[in-house]
file query-v6.pdb (PDB, C-alpha atoms, pLDDT in the B column)
ATOM      1  CA  MET P   1      98.842 118.946  99.889  1.00 48.00           C
ATOM      2  CA  ARG P   2      98.036 116.196 102.358  1.00 58.00           C
ATOM      3  CA  GLU P   3     100.885 115.135 104.596  1.00 59.00           C
ATOM      4  CA  ARG P   4     100.748 111.544 103.286  1.00 56.00           C
ATOM      5  CA  GLU P   5     101.294 112.818  99.738  1.00 60.00           C
ATOM      6  CA  LEU P   6     104.516 114.443 100.882  1.00 63.00           C
ATOM      7  CA  LEU P   7     105.692 111.264 102.588  1.00 83.00           C
ATOM      8  CA  ARG P   8     105.201 108.854  99.664  1.00 88.00           C
ATOM      9  CA  GLY P   9     107.962 106.352  99.105  1.00 92.00           C
ATOM     10  CA  THR P  10     109.487 105.004  95.916  1.00 93.00           C
ATOM     11  CA  LYS P  11     109.180 101.236  96.395  1.00 96.00           C
ATOM     12  CA  ASN P  12     106.250 100.782  93.964  1.00 97.00           C
ATOM     13  CA  ILE P  13     104.299 102.705  91.333  1.00 96.00           C
ATOM     14  CA  CYS P  14     100.825 101.341  92.025  1.00 97.00           C
ATOM     15  CA  GLY P  15     100.259 102.149  95.699  1.00 97.00           C
ATOM     16  CA  ILE P  16      98.739 105.532  94.991  1.00 95.00           C
ATOM     17  CA  ARG P  17      96.241 104.006  92.535  1.00 97.00           C
ATOM     18  CA  ILE P  18      95.386 101.210  94.950  1.00 98.00           C
ATOM     19  CA  GLU P  19      94.607 103.679  97.715  1.00 97.00           C
ATOM     20  CA  ARG P  20      92.648 106.024  95.445  1.00 97.00           C
ATOM     21  CA  LEU P  21      90.535 103.211  93.966  1.00 97.00           C
ATOM     22  CA  ARG P  22      89.900 101.627  97.340  1.00 98.00           C
ATOM     23  CA  ARG P  23      88.644 104.941  98.726  1.00 97.00           C
ATOM     24  CA  GLU P  24      86.572 105.737  95.600  1.00 98.00           C
ATOM     25  CA  LYS P  25      84.861 102.359  95.855  1.00 97.00           C
ATOM     26  CA  GLY P  26      84.250 102.817  99.573  1.00 98.00           C
ATOM     27  CA  ILE P  27      86.314  99.754 100.487  1.00 98.00           C
ATOM     28  CA  LYS P  28      87.918  99.839 103.919  1.00 98.00           C
ATOM     29  CA  GLN P  29      91.402  98.439 104.377  1.00 98.00           C
ATOM     30  CA  LYS P  30      89.917  95.723 106.576  1.00 98.00           C
ATOM     31  CA  ASP P  31      87.582  94.630 103.767  1.00 98.00           C
ATOM     32  CA  LEU P  32      90.389  94.590 101.225  1.00 98.00           C
ATOM     33  CA  LEU P  33      92.503  92.504 103.595  1.00 98.00           C
ATOM     34  CA  GLU P  34      89.648  90.010 104.050  1.00 98.00           C
ATOM     35  CA  SER P  35      89.274  89.672 100.286  1.00 98.00           C
ATOM     36  CA  LEU P  36      93.001  89.110  99.874  1.00 98.00           C
ATOM     37  CA  ALA P  37      92.950  86.430 102.577  1.00 98.00           C
ATOM     38  CA  LEU P  38      90.094  84.648 100.797  1.00 98.00           C
ATOM     39  CA  GLN P  39      92.277  84.609  97.670  1.00 98.00           C
ATOM     40  CA  GLY P  40      95.131  83.006  99.608  1.00 98.00           C
ATOM     41  CA  VAL P  41      97.106  86.213 100.026  1.00 98.00           C
ATOM     42  CA  PRO P  42      97.223  86.997 103.757  1.00 97.00           C
ATOM     43  CA  MET P  43      98.402  90.511 104.504  1.00 98.00           C
ATOM     44  CA  THR P  44      98.461  92.706 107.584  1.00 98.00           C
ATOM     45  CA  ALA P  45      97.049  96.222 107.780  1.00 98.00           C
ATOM     46  CA  SER P  46     100.587  97.502 108.288  1.00 97.00           C
ATOM     47  CA  VAL P  47     101.780  95.901 105.057  1.00 98.00           C
ATOM     48  CA  LEU P  48      98.817  97.263 103.083  1.00 98.00           C
ATOM     49  CA  SER P  49      99.440 100.725 104.492  1.00 96.00           C
ATOM     50  CA  LYS P  50     103.088 100.513 103.423  1.00 96.00           C
ATOM     51  CA  ILE P  51     102.056  99.410  99.928  1.00 98.00           C
ATOM     52  CA  GLU P  52      99.573 102.271  99.605  1.00 97.00           C
ATOM     53  CA  GLY P  53     102.202 104.709 100.888  1.00 96.00           C
ATOM     54  CA  GLN P  54     104.680 103.295  98.353  1.00 96.00           C
ATOM     55  CA  HIS P  55     107.070 102.191 101.088  1.00 96.00           C
ATOM     56  CA  ARG P  56     106.907  98.479 100.230  1.00 97.00           C
ATOM     57  CA  ALA P  57     107.158  96.629  96.931  1.00 97.00           C
ATOM     58  CA  LEU P  58     104.463  94.154  95.903  1.00 96.00           C
ATOM     59  CA  ASN P  59     104.811  90.599  94.743  1.00 97.00           C
ATOM     60  CA  ASP P  60     103.078  89.741  91.478  1.00 97.00           C
ATOM     61  CA  TYR P  61     100.505  87.511  93.186  1.00 98.00           C
ATOM     62  CA  GLU P  62      99.659  90.348  95.603  1.00 98.00           C
ATOM     63  CA  LEU P  63      99.134  92.746  92.702  1.00 98.00           C
ATOM     64  CA  VAL P  64      96.822  90.275  90.947  1.00 98.00           C
ATOM     65  CA  ALA P  65      94.749  89.697  94.093  1.00 98.00           C
ATOM     66  CA  ILE P  66      94.427  93.435  94.738  1.00 98.00           C
ATOM     67  CA  ALA P  67      93.415  94.033  91.109  1.00 98.00           C
ATOM     68  CA  ASN P  68      90.800  91.274  91.407  1.00 98.00           C
ATOM     69  CA  THR P  69      89.360  92.835  94.546  1.00 98.00           C
ATOM     70  CA  LEU P  70      89.261  96.340  93.066  1.00 98.00           C
ATOM     71  CA  ASP P  71      87.877  94.963  89.773  1.00 98.00           C
ATOM     72  CA  VAL P  72      90.570  96.513  87.595  1.00 98.00           C
ATOM     73  CA  SER P  73      93.427  95.146  85.522  1.00 98.00           C
ATOM     74  CA  THR P  74      96.971  94.899  86.757  1.00 98.00           C
ATOM     75  CA  ASP P  75      97.916  97.141  83.829  1.00 97.00           C
ATOM     76  CA  TYR P  76      95.631  99.824  85.252  1.00 97.00           C
ATOM     77  CA  LEU P  77      97.275  99.593  88.676  1.00 97.00           C
ATOM     78  CA  LEU P  78     100.677  99.809  87.008  1.00 96.00           C
ATOM     79  CA  GLY P  79      99.636 102.923  85.074  1.00 94.00           C
ATOM     80  CA  ARG P  80      99.821 101.229  81.687  1.00 93.00           C
ATOM     81  CA  GLU P  81      96.184 101.951  80.852  1.00 85.00           C
ATOM     82  CA  GLU P  82      93.596 104.488  81.959  1.00 77.00           C
TER      83      GLU P  82
END
call {"tool": "encode", "arguments": {"input": "query-v6.pdb", "output": "structure tokens"}}
result
Amino acid sequence: MRERELLRGTKNICGIRIERLRREKGIKQKDLLESLALQGVPMTASVLSKIEGQHRALNDYELVAIANTLDVSTDYLLGREE
């Protein structure tokens, strides 16, 4: 198991899906951050890394902006749909 998997936090339930989708779609953190900024949701690389590692909770507007960028529903990121 990758070291990061062992070090996951418990602050959110969607960070693991955000990271997996971002990687599957070939989106770099920098590109995701630029998209969020264009949607009025400025975020640092450190904050995004903490969200993906489940060490920081998300605000609802952050979740919506991330879902928009990854082209999925917020329900998908929350694990409510496959």
call {"tool": "closest_residue", "arguments": {"input": "query-v6.pdb", "among": "P:Val64, P:Leu70, P:Leu36, P:Leu7", "to": "Arg20 in chain P", "atoms": "all atoms listed in the file"}}
result
P:Leu70
call {"tool": "closest_residue", "arguments": {"input": "query-v6.pdb", "among": "P:Thr44, P:Gln39, P:Asn12, P:Gln29", "to": "Leu77 in chain P", "atoms": "only C-alpha atoms"}}
result
P:Asn12
call {"tool": "atom_distance", "arguments": {"input": "query-v6.pdb", "atom1": "CA of His55 in chain P", "atom2": "CA of Gly9 in chain P"}}
result
4.7 Å
call {"tool": "residues_around", "arguments": {"input": "query-v6.pdb", "residues": "Leu21 in chain P", "least_positions_apart": "4", "cutoff": "12 Å", "atoms": "only C-alpha atoms", "output": "number ranges by chain"}}
result
P: 14-17, 25-29, 32, 52, 66-67, 69-72, 76-77
call {"tool": "closest_residue", "arguments": {"input": "query-v6.pdb", "among": "P:Ile18, P:Ser46, P:Ala37, P:Lys11", "to": "Thr74 in chain P", "atoms": "all atoms listed in the file"}}
result
P:Ile18
call {"tool": "atom_distance", "arguments": {"input": "query-v6.pdb", "atom1": "CA of Ala45 in chain P", "atom2": "CA of Arg80 in chain P"}}
result
26.7 Å
call {"tool": "atom_distance", "arguments": {"input": "query-v6.pdb", "atom1": "CA of Glu19 in chain P", "atom2": "CA of Tyr61 in chain P"}}
result
17.8 Å
call {"tool": "closest_residue", "arguments": {"input": "query-v6.pdb", "among": "P:Asn68, P:Val47, P:Asn59, P:Arg8", "to": "Arg22 in chain P", "atoms": "only C-alpha atoms"}}
result
P:Asn68
call {"tool": "closest_residue", "arguments": {"input": "query-v6.pdb", "among": "P:Glu81, P:Ala65, P:Thr10, P:Gly53", "to": "Gly40 in chain P", "atoms": "all atoms listed in the file"}}
result
P:Ala65
call {"tool": "closest_residue", "arguments": {"input": "query-v6.pdb", "among": "P:Ala57, P:Leu63, P:Leu78, P:Leu48", "to": "Glu34 in chain P", "atoms": "all atoms listed in the file"}}
result
P:Leu48
call {"tool": "axis_aligned_box", "arguments": {"input": "query-v6.pdb", "around": "range 61-79 of chain P", "padding_each_side": "8 Å", "output": "AutoDock Vina command-line options"}}
result
--center_x 94.3 --center_y 95.2 --center_z 89.7 --size_x 28.8 --size_y 31.4 --size_z 27.8
